[in-house]
Structure formats: structure tokens, C-alpha cells
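Novice: This one is protein38.txt, compact mmCIF, C-alpha atoms.
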# COMPACT_ATOMS: atom_id res chain seq x y z
CA MET Z 1 14.75 8.21 -11.77
CA ALA Z 2 13.34 8.93 -15.21
CA ALA Z 3 15.30 7.82 -18.24
CA PRO Z 4 17.20 10.54 -20.11
CA VAL Z 5 15.55 12.30 -23.01
CA ALA Z 6 16.52 11.05 -26.45
CA ARG Z 7 18.41 13.57 -28.55
CA SER Z 8 15.78 15.68 -30.27
CA ARG Z 9 15.68 17.13 -33.77
CA LEU Z 10 15.65 20.64 -32.34
CA ARG Z 11 18.42 20.37 -29.83
CA GLY Z 12 21.01 19.72 -32.54
CA ASN Z 13 24.58 18.49 -32.27
CA ALA Z 14 25.82 21.00 -29.72
CA ALA Z 15 23.08 20.25 -27.18
CA ARG Z 16 24.23 16.74 -26.26
CA ARG Z 17 25.75 18.17 -23.09
CA THR Z 18 22.35 19.29 -21.77
CA VAL Z 19 20.07 16.68 -23.26
CA ASN Z 20 19.64 14.90 -19.93
CA ALA Z 21 18.47 18.05 -18.18
CA ARG Z 22 14.79 17.13 -18.41
CA PRO Z 23 12.97 13.87 -17.63
CA GLU Z 24 11.70 11.78 -20.48
CA LYS Z 25 8.42 12.90 -22.02
CA PRO Z 26 5.75 10.20 -22.00
CA ALA Z 27 5.13 8.64 -25.39
CA VAL Z 28 1.94 9.70 -27.15
CA SER Z 29 0.07 6.80 -28.69
CA ARG Z 30 -1.45 6.92 -32.16
CA ALA Z 31 -4.77 5.97 -30.57
CA ALA Z 32 -4.64 9.04 -28.35
CA VAL Z 33 -3.94 11.25 -31.36
CA ALA Z 34 -6.68 9.69 -33.44
CA SER Z 35 -9.24 9.93 -30.65
CA GLY Z 36 -8.56 13.62 -30.04
CA SER Z 37 -7.32 13.11 -26.50
CA ASN Z 38 -6.95 16.30 -24.47
CA SER Z 39 -3.39 15.24 -23.59
CA VAL Z 40 -2.35 15.65 -27.23
CA PRO Z 41 -1.33 19.15 -28.39
CA VAL Z 42 -3.27 20.76 -31.23
CA ILE Z 43 -1.07 22.54 -33.76
CA ALA Z 44 -2.53 25.18 -36.07
CA VAL Z 45 -0.99 25.32 -39.55
CA THR Z 46 -1.81 28.35 -41.70
CA SER Z 47 -1.77 27.51 -45.41
CA GLY Z 48 -0.31 30.88 -46.44
CA GLU Z 49 -0.42 32.48 -49.89
CA PRO Z 50 -3.02 30.48 -51.84
CA ALA Z 51 -1.26 30.88 -55.21
CA GLY Z 52 2.00 29.52 -53.81
CA VAL Z 53 3.15 26.16 -52.49
CA GLY Z 54 1.59 26.60 -49.05
CA PRO Z 55 -1.57 24.65 -49.92
CA ASP Z 56 0.50 21.95 -51.66
CA ILE Z 57 2.75 21.25 -48.68
CA CYS Z 58 -0.16 21.47 -46.23
CA LEU Z 59 -1.96 18.75 -48.19
CA ALA Z 60 1.18 16.62 -47.84
CA LEU Z 61 0.58 16.58 -44.06
CA ALA Z 62 -1.98 13.84 -44.72
CA ARG Z 63 0.81 11.35 -45.33
CA LYS Z 64 2.74 12.20 -42.15
CA ARG Z 65 1.96 11.26 -38.54
CA PHE Z 66 2.78 13.52 -35.62
CA ALA Z 67 2.38 13.20 -31.85
CA ALA Z 68 -0.28 15.88 -32.09
CA ARG Z 69 -3.51 16.83 -33.81
CA ILE Z 70 -2.85 19.04 -36.82
CA VAL Z 71 -5.43 21.59 -37.98
CA VAL Z 72 -4.84 23.32 -41.31
CA LEU Z 73 -6.40 26.77 -41.66
CA GLY Z 74 -7.49 27.58 -45.20
CA ASP Z 75 -10.32 27.79 -47.69
CA ARG Z 76 -11.74 24.30 -48.00
CA GLU Z 77 -12.77 24.63 -51.65
CA MET Z 78 -9.34 25.99 -52.63
CA LEU Z 79 -7.56 23.15 -50.82
CA GLU Z 80 -9.83 20.52 -52.39
CA SER Z 81 -9.24 22.03 -55.84
CA ARG Z 82 -5.48 21.98 -55.29
CA ALA Z 83 -5.63 18.34 -54.18
CA ARG Z 84 -7.43 17.43 -57.41
CA GLN Z 85 -4.85 19.37 -59.43
CA LEU Z 86 -2.05 17.47 -57.69
CA GLY Z 87 -3.82 14.13 -58.08
CA LEU Z 88 -3.97 13.62 -54.31
CA ARG Z 89 -6.68 11.58 -52.62
CA VAL Z 90 -6.92 13.71 -49.51
CA ARG Z 91 -10.14 14.17 -47.56
CA LEU Z 92 -10.68 17.40 -45.64
CA ARG Z 93 -12.56 16.84 -42.40
CA ASP Z 94 -13.83 19.00 -39.59
CA PRO Z 95 -11.30 19.60 -36.78
CA GLY Z 96 -13.33 17.70 -34.20
CA SER Z 97 -13.83 14.54 -36.26
CA GLY Z 98 -11.80 11.34 -36.08
CA MET Z 99 -8.50 11.06 -37.92
CA THR Z 100 -8.04 8.72 -40.88
CA SER Z 101 -4.93 7.95 -42.90
CA ASP Z 102 -5.98 9.99 -45.95
CA SER Z 103 -7.46 13.03 -44.24
CA ILE Z 104 -6.54 16.46 -42.88
CA ALA Z 105 -8.46 18.47 -40.31
CA CYS Z 106 -9.38 21.78 -41.96
CA LEU Z 107 -10.61 24.90 -40.22
CA HIS Z 108 -12.39 26.72 -43.05
CA VAL Z 109 -11.40 30.35 -43.61
CA PRO Z 110 -13.12 31.65 -46.75
CA LEU Z 111 -11.27 33.08 -49.74
CA SER Z 112 -13.17 35.75 -51.67
CA TYR Z 113 -12.20 34.62 -55.19
CA THR Z 114 -11.26 31.49 -57.12
CA CYS Z 115 -7.50 31.16 -56.84
CA ARG Z 116 -5.31 29.62 -59.52
CA ALA Z 117 -2.04 27.99 -58.48
CA GLY Z 118 0.87 30.08 -59.68
CA THR Z 119 -1.17 33.25 -60.30
CA LEU Z 120 -0.70 35.93 -57.67
CA ASP Z 121 -3.66 38.18 -56.90
CA ARG Z 122 -3.75 41.08 -54.44
CA ARG Z 123 -7.23 39.93 -53.38
CA SER Z 124 -5.53 37.22 -51.33
CA ALA Z 125 -4.09 39.82 -48.92
CA PRO Z 126 -7.03 40.00 -46.45
CA TYR Z 127 -7.43 36.23 -46.62
CA VAL Z 128 -3.80 35.58 -45.67
CA ILE Z 129 -4.05 38.02 -42.77
CA SER Z 130 -7.32 36.44 -41.61
CA LEU Z 131 -5.58 33.06 -41.46
CA LEU Z 132 -2.98 34.52 -39.12
CA ASP Z 133 -5.52 36.38 -37.00
CA ARG Z 134 -7.64 33.25 -36.55
CA ALA Z 135 -4.61 31.19 -35.57
CA ILE Z 136 -3.39 33.85 -33.13
CA ALA Z 137 -6.81 34.00 -31.50
CA GLY Z 138 -6.80 30.21 -31.15
CA CYS Z 139 -3.36 30.22 -29.54
CA LYS Z 140 -4.41 32.95 -27.11
CA SER Z 141 -7.56 31.07 -26.08
CA GLY Z 142 -5.81 27.73 -25.64
CA GLU Z 143 -7.57 26.15 -28.63
CA PHE Z 144 -4.14 25.61 -30.20
CA ALA Z 145 -0.90 24.77 -28.43
CA ALA Z 146 1.27 26.20 -31.20
CA LEU Z 147 1.26 27.80 -34.63
CA THR Z 148 3.15 26.70 -37.73
CA THR Z 149 3.01 28.96 -40.77
CA ALA Z 150 3.33 28.21 -44.47
CA PRO Z 151 4.92 31.01 -46.54
CA VAL Z 152 3.18 34.25 -47.46
CA HIS Z 153 3.99 36.73 -50.23
CA LYS Z 154 4.89 40.07 -48.64
CA GLY Z 155 4.56 41.96 -51.92
CA VAL Z 156 1.02 40.74 -52.54
CA ILE Z 157 -0.08 41.64 -49.00
CA ASN Z 158 1.33 45.15 -49.35
CA ASP Z 159 -0.13 45.52 -52.85
CA GLY Z 160 -3.46 44.56 -51.30
CA GLY Z 161 -3.27 47.61 -49.06
CA ILE Z 162 -2.10 45.96 -45.85
CA PRO Z 163 1.30 47.11 -44.51
CA PHE Z 164 3.27 43.93 -43.82
CA ILE Z 165 6.98 43.46 -43.13
CA GLY Z 166 6.89 39.78 -42.25
CA HIS Z 167 5.40 37.10 -40.03
CA THR Z 168 7.80 37.89 -37.19
CA GLU Z 169 6.89 41.55 -36.98
CA TYR Z 170 3.16 40.94 -37.47
CA LEU Z 171 2.97 38.32 -34.73
CA ALA Z 172 4.88 40.59 -32.36
CA GLU Z 173 2.44 43.43 -32.97
CA ARG Z 174 -0.68 41.25 -32.64
CA THR Z 175 0.45 39.58 -29.44
CA GLY Z 176 1.94 42.66 -27.81
CA ALA Z 177 5.38 41.07 -27.51
CA ALA Z 178 7.91 43.60 -26.28
CA GLN Z 179 10.88 41.95 -28.00
CA VAL Z 180 10.99 39.09 -30.48
CA VAL Z 181 13.95 37.27 -31.97
CA MET Z 182 14.04 35.47 -35.29
CA MET Z 183 15.90 32.17 -35.19
CA LEU Z 184 16.39 29.52 -37.85
CA ALA Z 185 17.31 25.94 -37.07
CA GLY Z 186 18.45 23.02 -39.19
CA GLY Z 187 21.47 21.04 -40.27
CA GLY Z 188 22.62 20.83 -36.62
CA LEU Z 189 22.67 24.64 -36.32
CA ARG Z 190 20.64 27.35 -34.67
CA VAL Z 191 21.15 30.90 -35.93
CA ALA Z 192 19.36 33.87 -34.34
CA LEU Z 193 19.36 37.42 -35.68
CA ALA Z 194 19.99 40.71 -33.90
CA THR Z 195 18.28 42.57 -36.78
CA THR Z 196 15.91 41.07 -39.33
CA HIS Z 197 14.49 42.60 -42.50
CA LEU Z 198 16.54 45.75 -42.90
CA ALA Z 199 18.55 47.26 -45.73
CA LEU Z 200 22.22 46.61 -45.06
CA LYS Z 201 22.92 50.35 -44.83
CA ASP Z 202 20.46 50.59 -41.90
CA VAL Z 203 21.94 47.79 -39.79
CA PRO Z 204 24.68 49.76 -37.95
CA ARG Z 205 22.18 52.39 -36.83
CA ALA Z 206 19.75 49.69 -35.66
CA LEU Z 207 22.39 48.02 -33.47
CA THR Z 208 22.17 49.67 -30.06
CA ARG Z 209 23.33 48.48 -26.67
CA GLU Z 210 19.79 48.42 -25.34
CA GLY Z 211 18.38 46.53 -28.31
CA LEU Z 212 21.18 43.98 -28.42
CA GLU Z 213 20.90 43.34 -24.69
CA ARG Z 214 17.16 42.69 -25.00
CA THR Z 215 17.75 40.34 -27.92
CA ILE Z 216 20.34 38.28 -26.05
CA ARG Z 217 18.18 38.09 -22.93
CA VAL Z 218 15.22 36.81 -24.96
CA LEU Z 219 17.41 34.33 -26.84
CA HIS Z 220 18.96 32.99 -23.64
CA ALA Z 221 15.59 32.65 -21.86
CA GLU Z 222 13.88 30.98 -24.81
CA LEU Z 223 16.65 28.44 -25.35
CA ILE Z 224 15.95 27.37 -21.78
CA ARG Z 225 12.17 27.60 -21.95
CA ARG Z 226 11.43 26.30 -25.46
CA PHE Z 227 14.34 23.94 -26.06
CA GLY Z 228 15.16 22.60 -22.61
CA ILE Z 229 18.83 23.70 -22.68
CA SER Z 230 19.72 24.39 -19.05
CA ALA Z 231 22.77 26.64 -19.61
CA PRO Z 232 22.84 27.86 -23.21
CA ARG Z 233 26.17 28.65 -24.88
CA ILE Z 234 25.83 31.41 -27.47
CA LEU Z 235 28.37 32.54 -30.06
CA VAL Z 236 27.94 36.24 -30.88
CA ALA Z 237 29.15 37.66 -34.18
CA GLY Z 238 30.76 41.02 -34.69
CA LEU Z 239 29.39 43.32 -37.35
CA ASN Z 240 32.45 44.30 -39.35
CA PRO Z 241 35.07 42.33 -41.32
CA HIS Z 242 37.62 40.73 -38.99
CA GLY Z 243 35.51 41.87 -36.04
CA GLY Z 244 36.38 45.49 -36.84
CA GLU Z 245 40.16 44.90 -36.77
CA GLY Z 246 40.50 46.80 -33.49
CA GLY Z 247 38.38 49.68 -34.75
CA TYR Z 248 40.07 50.05 -38.13
CA PHE Z 249 37.06 48.60 -40.02
CA GLY Z 250 34.39 49.91 -37.65
CA ARG Z 251 33.80 50.50 -33.96
CA GLU Z 252 30.53 48.64 -33.32
CA GLU Z 253 32.40 45.75 -31.69
CA ILE Z 254 34.14 48.16 -29.31
CA GLU Z 255 31.29 50.56 -28.58
CA VAL Z 256 28.16 48.38 -28.76
CA ILE Z 257 28.60 44.61 -28.95
CA GLY Z 258 31.57 44.13 -26.63
CA PRO Z 259 30.18 46.16 -23.70
CA VAL Z 260 26.84 44.32 -23.86
CA LEU Z 261 28.55 40.93 -23.79
CA GLU Z 262 30.74 41.96 -20.86
CA LYS Z 263 27.69 43.10 -18.89
CA LEU Z 264 25.74 39.90 -19.51
CA ARG Z 265 28.73 37.62 -18.92
CA ALA Z 266 29.07 39.25 -15.49
CA GLU Z 267 25.51 38.02 -14.82
CA GLY Z 268 26.46 34.46 -15.72
CA LEU Z 269 25.36 34.21 -19.34
CA ARG Z 270 27.67 32.01 -21.41
CA LEU Z 271 28.52 34.26 -24.33
CA THR Z 272 31.51 34.10 -26.66
CA GLY Z 273 32.34 37.07 -28.87
CA PRO Z 274 32.21 39.33 -30.64
CA LEU Z 275 33.64 36.93 -33.20
CA PRO Z 276 34.57 37.58 -36.85
CA ALA Z 277 31.73 36.11 -38.87
CA ASP Z 278 34.05 34.48 -41.40
CA THR Z 279 35.52 32.14 -38.76
CA MET Z 280 32.52 31.80 -36.44
CA PHE Z 281 30.99 28.79 -38.17
CA VAL Z 282 34.03 26.52 -38.03
CA PRO Z 283 33.29 23.10 -36.49
CA GLU Z 284 35.52 23.65 -33.46
CA ARG Z 285 33.54 26.71 -32.38
CA LEU Z 286 30.14 25.23 -33.17
CA ALA Z 287 30.91 22.10 -31.14
CA GLY Z 288 30.95 24.25 -28.01
CA ALA Z 289 27.78 26.21 -28.70
CA ASP Z 290 24.01 25.84 -28.68
CA CYS Z 291 23.23 28.86 -30.86
CA VAL Z 292 24.84 31.55 -32.97
CA LEU Z 293 23.68 35.18 -32.87
CA ALA Z 294 24.32 37.01 -36.15
CA MET Z 295 24.07 40.78 -36.41
CA TYR Z 296 22.06 40.85 -39.64
CA HIS Z 297 20.02 38.59 -41.90
CA ASP Z 298 22.55 37.63 -44.57
CA GLN Z 299 25.45 37.30 -42.15
CA GLY Z 300 24.17 34.09 -40.61
CA LEU Z 301 21.39 32.63 -42.72
CA PRO Z 302 23.38 31.67 -45.85
CA VAL Z 303 25.44 29.27 -43.72
CA LEU Z 304 22.40 27.70 -42.10
CA LYS Z 305 20.51 27.38 -45.36
CA TYR Z 306 23.53 25.80 -47.02
CA ALA Z 307 23.53 23.20 -44.25
CA SER Z 308 19.79 22.60 -44.14
CA PHE Z 309 17.89 24.12 -47.07
CA GLY Z 310 14.60 22.37 -47.63
CA LYS Z 311 14.58 20.99 -44.10
CA GLY Z 312 15.34 24.06 -41.99
CA ILE Z 313 12.79 25.89 -39.89
CA ASN Z 314 12.12 29.40 -38.59
CA VAL Z 315 11.21 29.95 -34.93
CA THR Z 316 9.97 33.23 -33.46
CA LEU Z 317 11.30 33.65 -29.92
CA GLY Z 318 9.84 36.02 -27.34
CA LEU Z 319 6.18 35.56 -28.24
CA PRO Z 320 3.59 34.49 -25.65
CA MET Z 321 2.92 31.52 -27.97
CA ILE Z 322 4.91 28.95 -29.91
CA ARG Z 323 5.46 29.76 -33.57
CA THR Z 324 7.48 27.84 -36.15
CA SER Z 325 7.64 28.17 -39.91
CA VAL Z 326 9.17 26.84 -43.07
CA ASP Z 327 12.49 28.37 -44.13
CA HIS Z 328 11.46 29.03 -47.76
CA GLY Z 329 9.20 31.33 -49.71
CA THR Z 330 6.02 30.88 -51.70
CA ALA Z 331 7.76 29.32 -54.76
CA VAL Z 332 4.85 30.36 -56.99
CA ASP Z 333 6.42 28.64 -60.00
CA LEU Z 334 6.15 25.27 -58.25
CA ALA Z 335 2.58 25.65 -57.00
CA GLY Z 336 0.27 22.98 -58.36
CA THR Z 337 3.06 21.10 -60.13
CA GLY Z 338 3.65 18.38 -57.56
CA ARG Z 339 7.32 19.36 -57.28
CA ALA Z 340 7.08 21.27 -53.99
CA GLU Z 341 8.94 19.49 -51.18
CA PRO Z 342 7.16 19.44 -47.80
CA ASP Z 343 10.18 18.50 -45.65
CA SER Z 344 10.58 21.97 -44.14
CA LEU Z 345 6.92 22.06 -43.13
CA PHE Z 346 7.20 18.59 -41.62
CA ALA Z 347 10.22 19.72 -39.61
CA ALA Z 348 8.45 22.93 -38.52
CA VAL Z 349 5.41 21.01 -37.29
CA GLU Z 350 7.59 18.48 -35.47
CA ALA Z 351 9.43 21.36 -33.80
CA ALA Z 352 6.13 22.95 -32.73
CA VAL Z 353 4.98 19.64 -31.28
CA GLU Z 354 8.19 19.18 -29.34
CA MET Z 355 8.10 22.70 -27.93
CA ALA Z 356 4.44 22.28 -26.97
CA GLN Z 357 5.34 19.08 -25.12
CA ILE Z 358 8.22 20.80 -23.30
CA GLU Z 359 5.90 23.65 -22.31
CA ALA Z 360 3.20 21.25 -21.11
CA GLN Z 361 5.74 19.29 -19.09
CA ALA Z 362 7.02 22.48 -17.45
CA ARG Z 363 3.49 23.30 -16.30
CA ARG Z 364 3.08 19.93 -14.59
Please render this file's structure as C-alpha cells.

Specialist:
Amino acid sequence: MAAPVARSRLRGNAARRTVNARPEKPAVSRAAVASGSNSVPVIAVTSGEPAGVGPDICLALARKRFAARIVVLGDREMLESRARQLGLRVRLRDPGSGMTSDSIACLHVPLSYTCRAGTLDRRSAPYVISLLDRAIAGCKSGEFAALTTAPVHKGVINDGGIPFIGHTEYLAERTGAAQVVMMLAGGGLRVALATTHLALKDVPRALTREGLERTIRVLHAELIRRFGISAPRILVAGLNPHGGEGGYFGREEIEVIGPVLEKLRAEGLRLTGPLPADTMFVPERLAGADCVLAMYHDQGLPVLKYASFGKGINVTLGLPMIRTSVDHGTAVDLAGTGRAEPDSLFAAVEAAVEMAQIEAQARR
């Protein structure tokens, strides 16, 4: 019998109950990674907004080793210029060449102008989108096992004439995903969202029985598929203060959330809720859960970011590909200063590698 899997970074504190559900993954040797072995996953990393910290933290990948081959997508000249600005001795090499300790594999995607760190320019909009499109194409073809994204600047992309709500929505559209779920992980927590980038006034109207049911089904299936949790336990928040106080503060818990949970619990899903958000994140509740589902962006993410900021990650569930991301923005004021911390990118890449290994093992 195979030895049990060691507790992973992604599974978090609450997943100790199910950590033995899968056999141990074989170790990947550094030699196999360096030689470009076909058994090693290839992770695409888009460098994001060129005036922000994306290039800075991507260059930091040269000092980290992963059980995978990492390919950074970006303009080679821009990345080399940023390395000189940061005083880094990093060599950019072609993706198919051998790995060395001071190098990064770079898939060149040209930028149409000379970018300055910290200076936003709408001309970067088509470049940023082309990074994503090239990475998506590589994931579809099998060239890449997963995608990790550095931050983009939504305002710049829209100012450049390209309608763009966010990575999550763009990836869903480009891959034809019927339903995607945004989930952040870090600090021993996983927090998924029933709605994402909406004005608070629009959230109640966006919460429907059909939409919430689809979200929970995707979340449940992906916790099994991507994270190896055999029987996920999910805490589900209510929308209103005190869970609506029996309808006094709102009826969404009675008319939308509660009926959906009852239906899915009858099918065997392990769902607790709807719970008042102000008492949902207490340790006693979290100890019996694998994930929390919040009804809107700022209901759940402040707690997770308090627990993990700088080391948290974003995962898009429901895509036909693996996608992880940093949990922070472009931080234009830090670009080129050497003060940008790469820990979130490191964690996002490690998560992508782990999910790619779980997926590969499931296919065997």
C-alpha cells in the first residue's frame, strides 16, 4: 500500500481528515526538471501589466525551485531591462533550453513600446491580453499543464479600448466555461465567492437559486478534482446581517440560499448554512470545514487576506484548465524599486504544480 500523502500547502488545516485519500505522488528529481523531462509539468506564468510589479516578481522565480518547468510569458527586452533596473543577474533563456540556477525560461511576446516601471500606458492593453491568449492556447494544446497569472491593471486595459472585467471572467469567456467560481486560498483558509466583481447594490439581484446551485456544484466538484478532498465540507454564508434575522433584515436566506442548500444536502453534499458571516470564521466552525462560500467579494476576502496577505493565492474553479494567481494588484508604486515581495507568486506557482500533479495522477 502506498504511503499517505504529506499535508500539502493547498489542502490547509481543515483537510487533514481527507489527506490520506490519494496515494503518494512520486517525487520529481531536480535532474528531471533541469533536463526537461516529459514527466514534469510545464507551468505558464504571464507577467501581467508591464508597468507594475508583475515583471519584478516573475524575475524572482529564478531564485526558486519548483517540481516543474516554469515558462514566463513576456517581452524579453522589457524583462531584461527590469532585471538591470533591479540589479538582478538573471538570464532569460528559450523555453526548450536547459535550466541553470540564474535563469528563467521566457516565451517572448512583443510589447509595442518601451515601458517604464511605474508609468502606466494604455498601449499595454493589447500586450497584456496577448499574454493571456497565448497562455490559454498553450493550455488548450497541452503545451502547458497550468497557468499562473501576475496582476493586470483593469483600468489600463479598458482605457486601451478592450472591455475587461477581470481575469476570471476573461478566462471563462475564452475557454467557453459555463460556470466559473473564484476562490482564494491562504493562511489555512479557502474562501470561494458566489458573486465576484459587482457593486454591492447589485448583489441581491445577482443571487438566484439557479446561479447559487451551479456555483456550489462547481465548488464541490473542483475541491474533489483539483485538491483531492474526497468529501468536501463547505460552510455557506448568508447574505444579510445575522443571517437575515428570520426575514427581518432580508429574505434571501429564506427564499434563495436555504432552499438551494436543502436540495443539495438531500443529494449528499456536506453543506452547513446559511450562516451569519460575522460568526462564520470562528475557529470552531473552520476546524470542521474545507472551504467557505461567501455571497459577495468583501464578505469573505477581508478575512482571508488578513490571515494570508502577501502569501495568498487566487484559483479559478470550473475552467477546463488549471489557473492560479497572486492575491494582490499591480502595485505600480513598487515596480522597479526592489521592494515587491514575490511570496504570493511563489505560492500560486506551487499550487499550480500541485494541481497539475493531482490531475496527471488521476489520468493514470

Novice: Please report as a tab-separated table every residue of range 308-328 of chain Z lying within 10 Å of range 155-178 of chain Z, along with the nearest atom pair and their distance in Å (one decimal), using all atoms listed in the file.

Specialist:
residue	atom	partner	partner_atom	distance
Z:Asn314	CA	Z:Thr168	CA	9.6
Z:Val315	CA	Z:Thr168	CA	8.9
Z:Thr316	CA	Z:Thr168	CA	6.4
Z:Leu317	CA	Z:Thr168	CA	9.1
Z:Gly318	CA	Z:Ala177	CA	6.7
Z:Leu319	CA	Z:Ala177	CA	5.6
Z:Pro320	CA	Z:Ala177	CA	7.1
Z:Met321	CA	Z:Thr175	CA	8.6
Z:Arg323	CA	Z:Leu171	CA	9.0
Z:Ser325	CA	Z:His167	CA	9.2

Novice: Identify which of the residues Z:Ser308, Z:Tyr296, Z:Cys139, Z:Val332 lies closest to Ala199 in chain Z, counting all atoms listed in the file when measuring atom-to-atom distances.

Specialist: Z:Tyr296

Novice: For each of Z:Val180, Z:Leu293, Z:Leu239, Z:Ala51, take the minimum atom-to-atom distance to Ala335 in chain Z, counting all atoms listed in the file, then give the residue where this is smallest.

Specialist: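 Going through Z:Val180, Z:Leu293, Z:Leu239, Z:Ala51 one by one, the smallest distance to Ala335 in chain Z is for Z:Ala51.
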
Novice: Please list as a PyMOL selection string every residue within 12 Å of Val191 in chain Z, counting all atoms listed in the file and excluding residues in the same chain fewer than 6 positions away.

Specialist: chain Z and resi 12+181-185+219+223+234-237+280-281+286+289-305+307-308+312-317

Novice: Quick one: what's the axis-aligned box for range 125-136 of chain Z, all listed atoms, 5 Å on every side, centre and edges in Å to one decimal, as AutoDock Vina command-line options?

Specialist:
--center_x -5.3 --center_y 35.6 --center_z -41.0 --size_x 14.7 --size_y 18.8 --size_z 25.8

Novice: Would you list the residues near (-8.6, 33.2, -54.6) (no more than 8 Å away, in the coordinates of the file, using all atoms listed in the file) as a PyMOL selection string?

Specialist: chain Z and resi 50-51+78+111-116+121+123-124

Novice: Quick one: distance from CA of Pro283 in chain Z to CA of Gly268 in chain Z in Å, one decimal?

Specialist: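 About the pair CA of Pro283 in chain Z and CA of Gly268 in chain Z: they are 24.6 Å apart.
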